[in-house]
Amino acid sequence: MAEYRKLWWVLIGILAVTFTLLGYFGREVYREAPPIPDQVVSASGKPLMTEDSILDGQTAWQSMGGMQVGSIWGHGAYQAPDWTADWLHRELEAWLQIAAQEEFGADWHSLNGQQQNALQYDLKTEYRTNSYDDATGTLRISERRARAIAETADYYSRLFSDAPELQATRSNYAMKENTLPSAERRQRMTEFFFWTAWAAATERPGSDVTYTNNWPHEPLIDNKPSGENIVWSVISVILLIAGVGGLIWAWAFLRKHEEEEPAAPLKDPISAVALTPSQKALGKYLLLVVGLFTFQVMLGGFTAHYTVEGQGFYGINTSEWLPYSLVRTWHIQAALFWIATGFLAAGLFLAPIINGGKDPKFQKLGVDVLFWALVVVVAGSFIGNFLAIAQIMPPNLSFWLGHQGYEFVDLGRLWQIGKFLGIVFWLVLMLRGIVPALRQPGDKNLLALLTASVVAIGLFYGAGFFYGERTHISVMEYWRWWIVHLWVEGFFEVFATAALAFIFCSMGLVSRTVATSASLASASLFMLGGVPGTFHHLYFSGTTTPVMAVGATFSALEVVPLVVLGYEAWENWRLKTRAPWMENIRWPLMFFVAVAFWNMLGAGVLGFMINPPIALYYIQGLNTTPTHAHAALFGVYGFLALGFSLLILRYIRPRIVFDQRLMKIGFWWLNIGLVLMLFTSLLPVGIIQFLASASEGLWYARSEAFLQSDILQTLRWIRTIGDVVFIVGALAVTWQVVKGIFFPDLVPLESASETAVTERA
């Protein structure tokens with residue numbers, strides 16, 4: 001411990017400081033969230049809506065898919081509008097039209113400039129002035145605005161029904177007919193949409209910015225980036241440059257060079273350890289990984305096609321039972337399930353190795369029970385998603401059994417609880433192998449870090465239970481990003497680093513000292529930016545300027561460690577020449593090299609593209625976000641889970657010889673397909689939308705007219721090329737795993753040389 005004392009104290013200190021920041025400003029999220037009025041009344045005292053009716057609207061929105069049908073405050077799907085920005089703009093235009101008729105007896109667009117300017121001044125004054133009375137919980141609005149709200153609500157009620165005059169619009173938005181059949185629930189949902197737009201237009205008391213920090217960009221009421229937004233954006237760029245410079249300085253001058261690499265063993269040490277029953281039982285986990293992976297990839301192509309043919313698939317009307325909102329839900333949830341399963345399998349494979357090559361009592365039974373529990377949760381959540389979005393499930397059961405409505409945590413609460421219990425059970429299975437090893441003499445620092453990451457993965461998923469069906473959406477977003485950002489991008493990152501270091505150390509390819517020091521340093525760097533960097537998702541979710549400041553500062557530092565991942569890729573790549581038997585795990589190594597590349601490009605470059613507040617102000621909710629999401633989620637965690645799966649396959653099927661042709665197709669077509677998908681379609685669409693958002697407003701960048709323009713339609717069709725290439729790669733990897741599980745003795749002719757290496761090893 002003494003040798004690593006400083007590194008441990010640095011890590012502990014960083015965790016203490018960063019979680020203090022996350023907790024303190026999380027308290028501010030609760031305190032400063034935009035108020036939901038007890039009642040909304042017109043100037044004459046007519047009741048319009050209540051807190052309960054607004055929250056009823058929130059639950060109605062959740063039940064139909066929520067963030068999978070358009071977005072709220074910029075978070076959600078990208079084909080339909082952002083309902084906050086769209087509602088706000090429609091209400092503003094309705095107000096101007098009503099005002100023009102009342103004041104001048106003419107249409108708004110026929111007024112001269114002086115008349116329009118006078119009405120726009122009145123519009124801005126009315127909408128940005130906060131008329132909420134905190135003492136009585138009453139929001140009072142003008143009669144004119146009440147009329148504008150009613151007109152806007154009527155449009156939305158017809159849009160979410162099956163009104164024939166809006167059928168083409170629903171198709172362009174990839175919405176199914178009669179998205180929300182109940183007229184009463186549609187009315188409640190419009191009240192929720194109104195409230196999100198009210199918070200985006202109304203200035204926070206004692207401030208000159210709105211509850212959402214002037215987001216979205218809306219020129220009609222002068223919603224534009226605040227001074228704080230610009231200042232903290234500049235600071236974030238400066239901190240990024242300073243952080244990169246400091247890391248390079250430390251890398252050059254402080255890194256120890258004196259320790260030589262250990263001599264590689266003549267035979268693979270892991271192969272020398274007899275397989276345990278629990279390790280042999282992991283084959284079905286790998287089948288679940290590639291099965292869900294293939295399902296997810298196919299759904300990805302299906303979802304992308306809906307962006308050009310909103311209610312059908314090459315002329316077949318599929319939206320009635322398999323609408324965009326459902327297939328996108330399944331696409332995201334399948335990804336999370338198969339990636340998590342790959343990580344769980346990696347941990348279960350390592351547990352007996354850590355335990356001295358033997359299973360704890362009943363370990364195989366535990367592995368089998370966990371697998372079938374995963375299958376039940378996957379099947380149950382998918383069925384629940386279908387029943388909720390089809391509006392078959394009773395509304396009172398939707399949140400618990402059907403669809404929570406929130407992106408990345410769409411599964412019903414019951415299935416979320418099941419998933420959490422499964423992860424905790426995995427934690428127990430892991431600790432049964434780890435704790436006895438920790439009691440043994442010797443250097444256990446790397447194992448201690450791996451243990452800490454395992455415990456964090458097991459417990460931090462529980463953050464998803466700190467919000468409920470009717471929780472304020474600002475508070476919900478705070479906890480949701482604990483899962484999407486902190487749990488996935490934070491603790492899984494540390495687990496992956498420690499697990500790979502432990503594997504390479506167990507193989508005798510790197511020294512324990514180097515592996516431990518590098519893992520502790522990497523964990524510190526990841527946590528320094530990653531924990532408070534969670535707030536960069538919350539700039540415009542009803543939070544205050546200090547939250548923006550913390551998020552901008554630390555999310556810039558989040559990128560810093562990613563600049564050295566090119567070196568990590570080289571280190572992983574050159575391991576294949578350290579010993580002849582390393583050729584047997586060449587392809588898992590190649591996948592780990594891809595992880596380092598995509599971590600740098602997808603999480604680093606494309607991630608920082610949307611991190612500064614000034615950038616995210618204009619591009620939140622545009623296709624620049626899925627550009628980063630695809631490159632980071634699949635490029636990093638997807639390749640890592642597949643690499644783990646191939647590595648496990650190699651050891652649980654000792655006689656397997658990877659099919660070189662299949663693996664080359666799988667590896668290179670996945671990478672090339674991802675590049676094509678990002679840089680020939682998603683990113684160009686996002687950049688064009690960015691220009692529209694900056695010039696006209698977010699409502700326009702997500703509008704029907706703009707999204708259906710010829711250039712964007714063409715770019716979305718072009719994505720088909722990248723999708724097809726990616727699908728071929730996915731099928732190749734899947735078939736390799738299936739062949740390895742069921743036909744491990746089948747040796748491809750082109751792999752004769754590899755067979756010889758295997759026999760010598």
# chains A, B, ... in the order shown; residues from 1 in each chain; ligands from 1
$ residues_around --residues "Gln736 of chain A" --least-positions-apart "5" --cutoff "12 Å" --atoms "only C-alpha atoms" --output "PyMOL selection string"
chain A and resi 286-287+290+587+642+645-646+649-650+656-667+729-731+741-744+746-748
$ write_last_selection --atoms "N, CA, C and O atoms" --output "compact mmCIF listing (two decimals), in the first residue's frame"
# COMPACT_ATOMS: atom_id res chain seq x y z
N LEU A 286 -22.56 -14.99 -23.53
CA LEU A 286 -22.03 -14.47 -24.79
C LEU A 286 -23.08 -14.54 -25.88
O LEU A 286 -23.16 -13.65 -26.74
N LEU A 287 -23.90 -15.60 -25.86
CA LEU A 287 -24.99 -15.69 -26.84
C LEU A 287 -26.01 -14.58 -26.61
O LEU A 287 -26.55 -14.02 -27.56
N VAL A 290 -24.44 -11.28 -28.08
CA VAL A 290 -24.50 -11.10 -29.54
C VAL A 290 -25.94 -11.15 -30.05
O VAL A 290 -26.26 -10.55 -31.08
N TRP A 587 -7.61 -10.76 -31.81
CA TRP A 587 -8.83 -10.02 -32.15
C TRP A 587 -9.45 -9.33 -30.94
O TRP A 587 -9.88 -8.18 -31.06
N LEU A 642 -17.74 -6.22 -26.65
CA LEU A 642 -17.44 -7.26 -27.65
C LEU A 642 -16.04 -7.82 -27.45
O LEU A 642 -15.81 -9.02 -27.60
N SER A 645 -16.19 -10.17 -24.65
CA SER A 645 -16.89 -11.40 -25.06
C SER A 645 -15.96 -12.31 -25.86
O SER A 645 -15.94 -13.53 -25.66
N LEU A 646 -15.20 -11.74 -26.79
CA LEU A 646 -14.27 -12.55 -27.59
C LEU A 646 -13.16 -13.12 -26.72
O LEU A 646 -12.70 -14.25 -26.94
N LEU A 649 -14.66 -15.96 -24.79
CA LEU A 649 -14.87 -17.07 -25.71
C LEU A 649 -13.58 -17.84 -25.95
O LEU A 649 -13.56 -19.07 -26.00
N ARG A 650 -12.49 -17.10 -26.11
CA ARG A 650 -11.19 -17.74 -26.37
C ARG A 650 -10.81 -18.70 -25.25
O ARG A 650 -10.24 -19.77 -25.50
N ILE A 656 -10.84 -23.22 -29.74
CA ILE A 656 -11.34 -22.36 -30.81
C ILE A 656 -10.20 -21.68 -31.56
O ILE A 656 -9.18 -21.31 -30.97
N VAL A 657 -10.38 -21.54 -32.86
CA VAL A 657 -9.48 -20.75 -33.70
C VAL A 657 -10.36 -19.71 -34.39
O VAL A 657 -11.28 -20.06 -35.12
N PHE A 658 -10.10 -18.44 -34.11
CA PHE A 658 -10.91 -17.39 -34.72
C PHE A 658 -10.79 -17.45 -36.24
O PHE A 658 -9.70 -17.60 -36.79
N ASP A 659 -11.94 -17.34 -36.89
CA ASP A 659 -12.00 -17.30 -38.35
C ASP A 659 -11.48 -15.92 -38.80
O ASP A 659 -12.13 -14.90 -38.58
N GLN A 660 -10.29 -15.91 -39.41
CA GLN A 660 -9.65 -14.64 -39.76
C GLN A 660 -10.52 -13.81 -40.70
O GLN A 660 -10.61 -12.58 -40.57
N ARG A 661 -11.15 -14.48 -41.66
CA ARG A 661 -11.97 -13.75 -42.61
C ARG A 661 -13.17 -13.12 -41.91
O ARG A 661 -13.50 -11.94 -42.13
N LEU A 662 -13.83 -13.91 -41.06
CA LEU A 662 -14.97 -13.38 -40.32
C LEU A 662 -14.56 -12.22 -39.43
O LEU A 662 -15.24 -11.19 -39.36
N MET A 663 -13.45 -12.36 -38.73
CA MET A 663 -13.04 -11.34 -37.78
C MET A 663 -12.57 -10.07 -38.49
O MET A 663 -12.81 -8.95 -38.00
N LYS A 664 -11.91 -10.20 -39.61
CA LYS A 664 -11.53 -9.00 -40.36
C LYS A 664 -12.77 -8.25 -40.83
O LYS A 664 -12.83 -7.01 -40.72
N ILE A 665 -13.75 -8.99 -41.35
CA ILE A 665 -14.99 -8.34 -41.78
C ILE A 665 -15.68 -7.70 -40.57
O ILE A 665 -16.10 -6.54 -40.62
N GLY A 666 -15.78 -8.46 -39.47
CA GLY A 666 -16.45 -7.95 -38.29
C GLY A 666 -15.80 -6.69 -37.76
O GLY A 666 -16.47 -5.67 -37.53
N PHE A 667 -14.48 -6.72 -37.57
CA PHE A 667 -13.78 -5.58 -36.97
C PHE A 667 -13.79 -4.37 -37.88
O PHE A 667 -14.19 -3.26 -37.48
N GLY A 729 -20.79 -6.10 -40.51
CA GLY A 729 -19.78 -6.32 -39.49
C GLY A 729 -20.36 -6.95 -38.24
O GLY A 729 -19.75 -7.86 -37.65
N ALA A 730 -21.53 -6.49 -37.83
CA ALA A 730 -22.18 -7.04 -36.64
C ALA A 730 -22.53 -8.52 -36.83
O ALA A 730 -22.32 -9.34 -35.93
N LEU A 731 -23.06 -8.85 -37.99
CA LEU A 731 -23.42 -10.25 -38.26
C LEU A 731 -22.18 -11.14 -38.28
O LEU A 731 -22.23 -12.30 -37.83
N ILE A 741 -19.17 -20.96 -29.78
CA ILE A 741 -19.89 -21.62 -28.69
C ILE A 741 -20.31 -23.04 -29.09
O ILE A 741 -20.12 -23.99 -28.32
N PHE A 742 -20.86 -23.18 -30.28
CA PHE A 742 -21.44 -24.47 -30.67
C PHE A 742 -20.49 -25.35 -31.48
O PHE A 742 -20.63 -26.57 -31.48
N PHE A 743 -19.54 -24.75 -32.21
CA PHE A 743 -18.64 -25.53 -33.06
C PHE A 743 -17.19 -25.11 -32.84
O PHE A 743 -16.51 -24.65 -33.75
N PRO A 744 -16.69 -25.24 -31.60
CA PRO A 744 -15.34 -24.75 -31.32
C PRO A 744 -14.24 -25.50 -32.07
O PRO A 744 -13.13 -24.97 -32.23
N LEU A 746 -14.37 -26.44 -35.20
CA LEU A 746 -14.42 -26.16 -36.63
C LEU A 746 -13.33 -25.14 -36.97
O LEU A 746 -13.41 -23.97 -36.60
N VAL A 747 -12.28 -25.60 -37.67
CA VAL A 747 -11.12 -24.75 -37.94
C VAL A 747 -11.20 -24.24 -39.38
O VAL A 747 -11.20 -25.02 -40.33
N PRO A 748 -11.28 -22.95 -39.62
CA PRO A 748 -11.28 -22.41 -40.98
C PRO A 748 -9.96 -22.71 -41.68
O PRO A 748 -8.89 -22.70 -41.06
$ residues_around --residues "Leu123 of chain A" --least-positions-apart "3" --cutoff "8 Å" --atoms "only C-alpha atoms" --output "ChimeraX atom specification"
/A:92,95-96,119-120,126-127,220-221
$ residues_around --residues "Ala629 of chain A" --least-positions-apart "6" --cutoff "12 Å" --atoms "only C-alpha atoms" --output "PDB file with N, CA and C atoms, in the first residue's frame"
ATOM      1  N   ILE A 332     -32.291   1.465 -27.906  1.00  0.00           N
ATOM      2  CA  ILE A 332     -31.445   1.972 -26.822  1.00  0.00           C
ATOM      3  C   ILE A 332     -31.369   0.972 -25.675  1.00  0.00           C
ATOM      4  N   ALA A 335     -29.137  -1.994 -26.419  1.00  0.00           N
ATOM      5  CA  ALA A 335     -27.721  -1.629 -26.324  1.00  0.00           C
ATOM      6  C   ALA A 335     -27.252  -1.668 -24.875  1.00  0.00           C
ATOM      7  N   PHE A 408     -32.940   6.250 -22.007  1.00  0.00           N
ATOM      8  CA  PHE A 408     -31.939   5.390 -21.380  1.00  0.00           C
ATOM      9  C   PHE A 408     -32.450   4.699 -20.115  1.00  0.00           C
ATOM     10  N   VAL A 484     -26.950   7.650 -16.589  1.00  0.00           N
ATOM     11  CA  VAL A 484     -26.473   7.710 -17.969  1.00  0.00           C
ATOM     12  C   VAL A 484     -25.023   8.185 -18.038  1.00  0.00           C
ATOM     13  N   HIS A 485     -24.674   9.164 -17.225  1.00  0.00           N
ATOM     14  CA  HIS A 485     -23.320   9.714 -17.275  1.00  0.00           C
ATOM     15  C   HIS A 485     -22.420   9.096 -16.211  1.00  0.00           C
ATOM     16  N   GLU A 489     -20.516   6.236 -17.824  1.00  0.00           N
ATOM     17  CA  GLU A 489     -19.289   6.849 -18.295  1.00  0.00           C
ATOM     18  C   GLU A 489     -18.229   6.966 -17.196  1.00  0.00           C
ATOM     19  N   TRP A 598     -11.841   5.226 -30.259  1.00  0.00           N
ATOM     20  CA  TRP A 598     -13.158   5.851 -30.191  1.00  0.00           C
ATOM     21  C   TRP A 598     -13.331   6.644 -28.905  1.00  0.00           C
ATOM     22  N   ASN A 599     -12.618   6.262 -27.851  1.00  0.00           N
ATOM     23  CA  ASN A 599     -12.641   7.071 -26.635  1.00  0.00           C
ATOM     24  C   ASN A 599     -12.081   8.460 -26.925  1.00  0.00           C
ATOM     25  N   LEU A 601     -11.829   9.910 -30.046  1.00  0.00           N
ATOM     26  CA  LEU A 601     -12.621  10.615 -31.045  1.00  0.00           C
ATOM     27  C   LEU A 601     -14.072  10.823 -30.590  1.00  0.00           C
ATOM     28  N   GLY A 602     -14.719   9.749 -30.187  1.00  0.00           N
ATOM     29  CA  GLY A 602     -16.140   9.831 -29.858  1.00  0.00           C
ATOM     30  C   GLY A 602     -16.423  10.527 -28.548  1.00  0.00           C
ATOM     31  N   ALA A 603     -15.727  10.080 -27.482  1.00  0.00           N
ATOM     32  CA  ALA A 603     -15.949  10.700 -26.178  1.00  0.00           C
ATOM     33  C   ALA A 603     -15.201  12.017 -26.060  1.00  0.00           C
ATOM     34  N   GLY A 604     -14.003  12.100 -26.655  1.00  0.00           N
ATOM     35  CA  GLY A 604     -13.181  13.290 -26.533  1.00  0.00           C
ATOM     36  C   GLY A 604     -13.560  14.399 -27.490  1.00  0.00           C
ATOM     37  N   VAL A 605     -13.237  14.213 -28.762  1.00  0.00           N
ATOM     38  CA  VAL A 605     -13.460  15.273 -29.758  1.00  0.00           C
ATOM     39  C   VAL A 605     -14.950  15.572 -29.932  1.00  0.00           C
ATOM     40  N   LEU A 606     -15.738  14.534 -30.230  1.00  0.00           N
ATOM     41  CA  LEU A 606     -17.166  14.750 -30.477  1.00  0.00           C
ATOM     42  C   LEU A 606     -17.912  15.073 -29.188  1.00  0.00           C
ATOM     43  N   GLY A 607     -17.365  14.637 -28.052  1.00  0.00           N
ATOM     44  CA  GLY A 607     -17.976  14.987 -26.775  1.00  0.00           C
ATOM     45  C   GLY A 607     -17.754  16.439 -26.427  1.00  0.00           C
ATOM     46  N   PHE A 608     -16.522  16.925 -26.599  1.00  0.00           N
ATOM     47  CA  PHE A 608     -16.266  18.329 -26.266  1.00  0.00           C
ATOM     48  C   PHE A 608     -16.965  19.266 -27.242  1.00  0.00           C
ATOM     49  N   MET A 609     -17.257  18.767 -28.429  1.00  0.00           N
ATOM     50  CA  MET A 609     -17.992  19.574 -29.402  1.00  0.00           C
ATOM     51  C   MET A 609     -19.314  20.077 -28.819  1.00  0.00           C
ATOM     52  N   ILE A 610     -19.936  19.301 -27.945  1.00  0.00           N
ATOM     53  CA  ILE A 610     -21.233  19.689 -27.399  1.00  0.00           C
ATOM     54  C   ILE A 610     -21.154  20.046 -25.919  1.00  0.00           C
ATOM     55  N   LEU A 622     -30.151  18.462 -31.238  1.00  0.00           N
ATOM     56  CA  LEU A 622     -29.925  18.295 -32.672  1.00  0.00           C
ATOM     57  C   LEU A 622     -29.097  17.040 -32.922  1.00  0.00           C
ATOM     58  N   ASN A 623     -28.858  16.713 -34.182  1.00  0.00           N
ATOM     59  CA  ASN A 623     -28.192  15.448 -34.515  1.00  0.00           C
ATOM     60  C   ASN A 623     -26.701  15.441 -34.192  1.00  0.00           C
ATOM     61  N   GLY A 635     -18.761   2.992 -29.795  1.00  0.00           N
ATOM     62  CA  GLY A 635     -17.329   3.029 -30.060  1.00  0.00           C
ATOM     63  C   GLY A 635     -16.493   2.669 -28.860  1.00  0.00           C
ATOM     64  N   VAL A 636     -16.930   3.075 -27.670  1.00  0.00           N
ATOM     65  CA  VAL A 636     -16.167   2.771 -26.454  1.00  0.00           C
ATOM     66  C   VAL A 636     -16.729   1.532 -25.768  1.00  0.00           C
ATOM     67  N   TYR A 637     -17.948   1.634 -25.261  1.00  0.00           N
ATOM     68  CA  TYR A 637     -18.468   0.541 -24.438  1.00  0.00           C
ATOM     69  C   TYR A 637     -18.916  -0.652 -25.270  1.00  0.00           C
ATOM     70  N   GLY A 638     -19.389  -0.393 -26.489  1.00  0.00           N
ATOM     71  CA  GLY A 638     -19.763  -1.506 -27.344  1.00  0.00           C
ATOM     72  C   GLY A 638     -18.565  -2.334 -27.758  1.00  0.00           C
ATOM     73  N   LEU A 674     -19.370   2.606 -38.745  1.00  0.00           N
ATOM     74  CA  LEU A 674     -19.602   3.659 -37.758  1.00  0.00           C
ATOM     75  C   LEU A 674     -19.096   5.001 -38.273  1.00  0.00           C
ATOM     76  N   LEU A 678     -21.557   8.260 -39.036  1.00  0.00           N
ATOM     77  CA  LEU A 678     -21.350   9.533 -38.347  1.00  0.00           C
ATOM     78  C   LEU A 678     -21.055  10.672 -39.308  1.00  0.00           C
ATOM     79  N   LEU A 682     -25.088  11.680 -39.875  1.00  0.00           N
ATOM     80  CA  LEU A 682     -25.481  12.296 -38.614  1.00  0.00           C
ATOM     81  C   LEU A 682     -24.822  13.657 -38.391  1.00  0.00           C
ATOM     82  N   LEU A 683     -23.500  13.728 -38.539  1.00  0.00           N
ATOM     83  CA  LEU A 683     -22.815  14.995 -38.277  1.00  0.00           C
ATOM     84  C   LEU A 683     -23.178  16.072 -39.299  1.00  0.00           C
TER      85      LEU A 683
END
$ select_by_dssp --residues "segment 306-407 of chain A" --states "alpha helix (DSSP H)" --output "count of residues only"
62
$ select_by_dssp --residues "segment 224-463 of chain A" --states "strand (DSSP E)" --output "JSON, numbers by chain"
{"A": [312, 313, 316, 317]}
$ write_last_selection --atoms "all heavy atoms" --output "mmCIF file, in the first residue's frame"
data_model
loop_
_atom_site.group_PDB
_atom_site.id
_atom_site.type_symbol
_atom_site.label_atom_id
_atom_site.label_comp_id
_atom_site.auth_asym_id
_atom_site.auth_seq_id
_atom_site.Cartn_x
_atom_site.Cartn_y
_atom_site.Cartn_z
ATOM 1 N N GLY A 312 -43.705 3.957 -42.110
ATOM 2 C CA GLY A 312 -43.590 2.690 -42.818
ATOM 3 C C GLY A 312 -42.161 2.270 -43.045
ATOM 4 O O GLY A 312 -41.208 3.008 -42.756
ATOM 5 N N PHE A 313 -42.017 1.068 -43.572
ATOM 6 C CA PHE A 313 -40.707 0.509 -43.895
ATOM 7 C C PHE A 313 -40.767 0.011 -45.336
ATOM 8 O O PHE A 313 -41.335 -1.034 -45.624
ATOM 9 C CB PHE A 313 -40.361 -0.633 -42.940
ATOM 10 C CG PHE A 313 -38.951 -1.154 -43.096
ATOM 11 C CD1 PHE A 313 -37.870 -0.435 -42.617
ATOM 12 C CD2 PHE A 313 -38.718 -2.373 -43.729
ATOM 13 C CE1 PHE A 313 -36.569 -0.920 -42.756
ATOM 14 C CE2 PHE A 313 -37.427 -2.859 -43.877
ATOM 15 C CZ PHE A 313 -36.359 -2.123 -43.387
ATOM 16 N N ILE A 316 -44.347 -0.609 -46.417
ATOM 17 C CA ILE A 316 -45.167 -1.414 -45.505
ATOM 18 C C ILE A 316 -45.500 -0.567 -44.280
ATOM 19 O O ILE A 316 -44.603 -0.043 -43.618
ATOM 20 C CB ILE A 316 -44.426 -2.692 -45.069
ATOM 21 C CG1 ILE A 316 -44.015 -3.520 -46.295
ATOM 22 C CG2 ILE A 316 -45.286 -3.511 -44.113
ATOM 23 C CD1 ILE A 316 -43.110 -4.685 -45.951
ATOM 24 N N ASN A 317 -46.779 -0.434 -43.972
ATOM 25 C CA ASN A 317 -47.188 0.370 -42.811
ATOM 26 C C ASN A 317 -46.889 -0.399 -41.527
ATOM 27 O O ASN A 317 -47.611 -1.308 -41.142
ATOM 28 C CB ASN A 317 -48.672 0.714 -42.893
ATOM 29 C CG ASN A 317 -49.112 1.616 -41.749
ATOM 30 O OD1 ASN A 317 -48.275 2.130 -41.007
ATOM 31 N ND2 ASN A 317 -50.410 1.805 -41.605
#
$ residues_around --residues "Lys6 of chain A" --least-positions-apart "4" --cutoff "12 Å" --atoms "only C-alpha atoms" --output "PDB file with all heavy atoms, in the first residue's frame"
ATOM      1  N   MET A   1       0.831  -1.209   0.000  1.00  0.00           N
ATOM      2  CA  MET A   1       0.000   0.000   0.000  1.00  0.00           C
ATOM      3  C   MET A   1       0.862   1.253   0.000  1.00  0.00           C
ATOM      4  O   MET A   1       0.540   2.257  -0.647  1.00  0.00           O
ATOM      5  CB  MET A   1      -0.926  -0.017   1.225  1.00  0.00           C
ATOM      6  CG  MET A   1      -1.766   1.241   1.397  1.00  0.00           C
ATOM      7  SD  MET A   1      -3.058   1.373   0.155  1.00  0.00           S
ATOM      8  CE  MET A   1      -3.859   2.881   0.656  1.00  0.00           C
ATOM      9  N   ALA A   2       1.992   1.181   0.738  1.00  0.00           N
ATOM     10  CA  ALA A   2       2.840   2.373   0.874  1.00  0.00           C
ATOM     11  C   ALA A   2       3.313   2.875  -0.472  1.00  0.00           C
ATOM     12  O   ALA A   2       3.412   4.090  -0.697  1.00  0.00           O
ATOM     13  CB  ALA A   2       4.031   2.064   1.776  1.00  0.00           C
ATOM     14  N   VAL A  10      -4.794  10.684  -3.588  1.00  0.00           N
ATOM     15  CA  VAL A  10      -5.260  11.569  -4.658  1.00  0.00           C
ATOM     16  C   VAL A  10      -6.645  11.137  -5.128  1.00  0.00           C
ATOM     17  O   VAL A  10      -7.564  11.964  -5.271  1.00  0.00           O
ATOM     18  CB  VAL A  10      -4.264  11.594  -5.832  1.00  0.00           C
ATOM     19  CG1 VAL A  10      -4.895  12.269  -7.059  1.00  0.00           C
ATOM     20  CG2 VAL A  10      -2.990  12.331  -5.451  1.00  0.00           C
ATOM     21  N   LEU A  11      -6.824   9.838  -5.368  1.00  0.00           N
ATOM     22  CA  LEU A  11      -8.115   9.326  -5.823  1.00  0.00           C
ATOM     23  C   LEU A  11      -9.197   9.577  -4.779  1.00  0.00           C
ATOM     24  O   LEU A  11     -10.299  10.049  -5.102  1.00  0.00           O
ATOM     25  CB  LEU A  11      -8.006   7.830  -6.135  1.00  0.00           C
ATOM     26  CG  LEU A  11      -9.302   7.128  -6.563  1.00  0.00           C
ATOM     27  CD1 LEU A  11      -9.899   7.779  -7.796  1.00  0.00           C
ATOM     28  CD2 LEU A  11      -9.051   5.640  -6.813  1.00  0.00           C
ATOM     29  N   ILE A  12      -8.895   9.279  -3.517  1.00  0.00           N
ATOM     30  CA  ILE A  12      -9.887   9.476  -2.452  1.00  0.00           C
ATOM     31  C   ILE A  12     -10.231  10.957  -2.309  1.00  0.00           C
ATOM     32  O   ILE A  12     -11.399  11.338  -2.145  1.00  0.00           O
ATOM     33  CB  ILE A  12      -9.345   8.907  -1.116  1.00  0.00           C
ATOM     34  CG1 ILE A  12      -9.253   7.377  -1.212  1.00  0.00           C
ATOM     35  CG2 ILE A  12     -10.249   9.317   0.045  1.00  0.00           C
ATOM     36  CD1 ILE A  12      -8.502   6.733  -0.062  1.00  0.00           C
ATOM     37  N   GLY A  13      -9.208  11.812  -2.389  1.00  0.00           N
ATOM     38  CA  GLY A  13      -9.450  13.248  -2.289  1.00  0.00           C
ATOM     39  C   GLY A  13     -10.311  13.761  -3.430  1.00  0.00           C
ATOM     40  O   GLY A  13     -11.231  14.569  -3.220  1.00  0.00           O
ATOM     41  N   SER A 517      -0.280   1.414 -10.845  1.00  0.00           N
ATOM     42  CA  SER A 517      -0.067   2.866 -10.882  1.00  0.00           C
ATOM     43  C   SER A 517      -0.877   3.505 -12.009  1.00  0.00           C
ATOM     44  O   SER A 517      -1.517   4.552 -11.816  1.00  0.00           O
ATOM     45  CB  SER A 517       1.426   3.176 -11.062  1.00  0.00           C
ATOM     46  OG  SER A 517       2.183   2.667  -9.984  1.00  0.00           O
ATOM     47  N   LEU A 520      -4.690   3.482 -11.110  1.00  0.00           N
ATOM     48  CA  LEU A 520      -5.048   4.469 -10.095  1.00  0.00           C
ATOM     49  C   LEU A 520      -5.013   5.884 -10.665  1.00  0.00           C
ATOM     50  O   LEU A 520      -5.910   6.706 -10.406  1.00  0.00           O
ATOM     51  CB  LEU A 520      -4.100   4.362  -8.899  1.00  0.00           C
ATOM     52  CG  LEU A 520      -4.353   3.189  -7.948  1.00  0.00           C
ATOM     53  CD1 LEU A 520      -3.190   3.034  -6.973  1.00  0.00           C
ATOM     54  CD2 LEU A 520      -5.653   3.384  -7.183  1.00  0.00           C
ATOM     55  N   ALA A 521      -3.978   6.174 -11.461  1.00  0.00           N
ATOM     56  CA  ALA A 521      -3.877   7.507 -12.069  1.00  0.00           C
ATOM     57  C   ALA A 521      -5.023   7.739 -13.044  1.00  0.00           C
ATOM     58  O   ALA A 521      -5.627   8.821 -13.070  1.00  0.00           O
ATOM     59  CB  ALA A 521      -2.534   7.656 -12.772  1.00  0.00           C
ATOM     60  N   SER A 524      -8.287   8.411 -11.214  1.00  0.00           N
ATOM     61  CA  SER A 524      -8.333   9.776 -10.679  1.00  0.00           C
ATOM     62  C   SER A 524      -8.701  10.775 -11.767  1.00  0.00           C
ATOM     63  O   SER A 524      -9.525  11.671 -11.556  1.00  0.00           O
ATOM     64  CB  SER A 524      -6.980  10.149 -10.060  1.00  0.00           C
ATOM     65  OG  SER A 524      -6.694   9.338  -8.944  1.00  0.00           O
TER      66      SER A 524
END
$ closest_residue --among "A:Thr451, A:Asn178, A:Ser522, A:Asn223" --to "Leu427 of chain A" --atoms "only C-alpha atoms"
A:Thr451
$ closest_atom_pairs --of "segment 519-591 of chain A" --to "segment 31-49 of chain A" --cutoff "12 Å" --atoms "only C-alpha atoms" --output "CSV"
residue,atom,partner,partner_atom,distance
A:Leu538,CA,A:Ala33,CA,11.5
A:Phe540,CA,A:Ala33,CA,11.1
A:Ser541,CA,A:Ala33,CA,8.5
A:Gly542,CA,A:Ala33,CA,5.5
A:Thr543,CA,A:Ala33,CA,6.3
A:Thr544,CA,A:Glu32,CA,7.0
A:Thr545,CA,A:Glu32,CA,10.7
A:Pro546,CA,A:Glu32,CA,11.2
A:Val547,CA,A:Glu32,CA,10.7
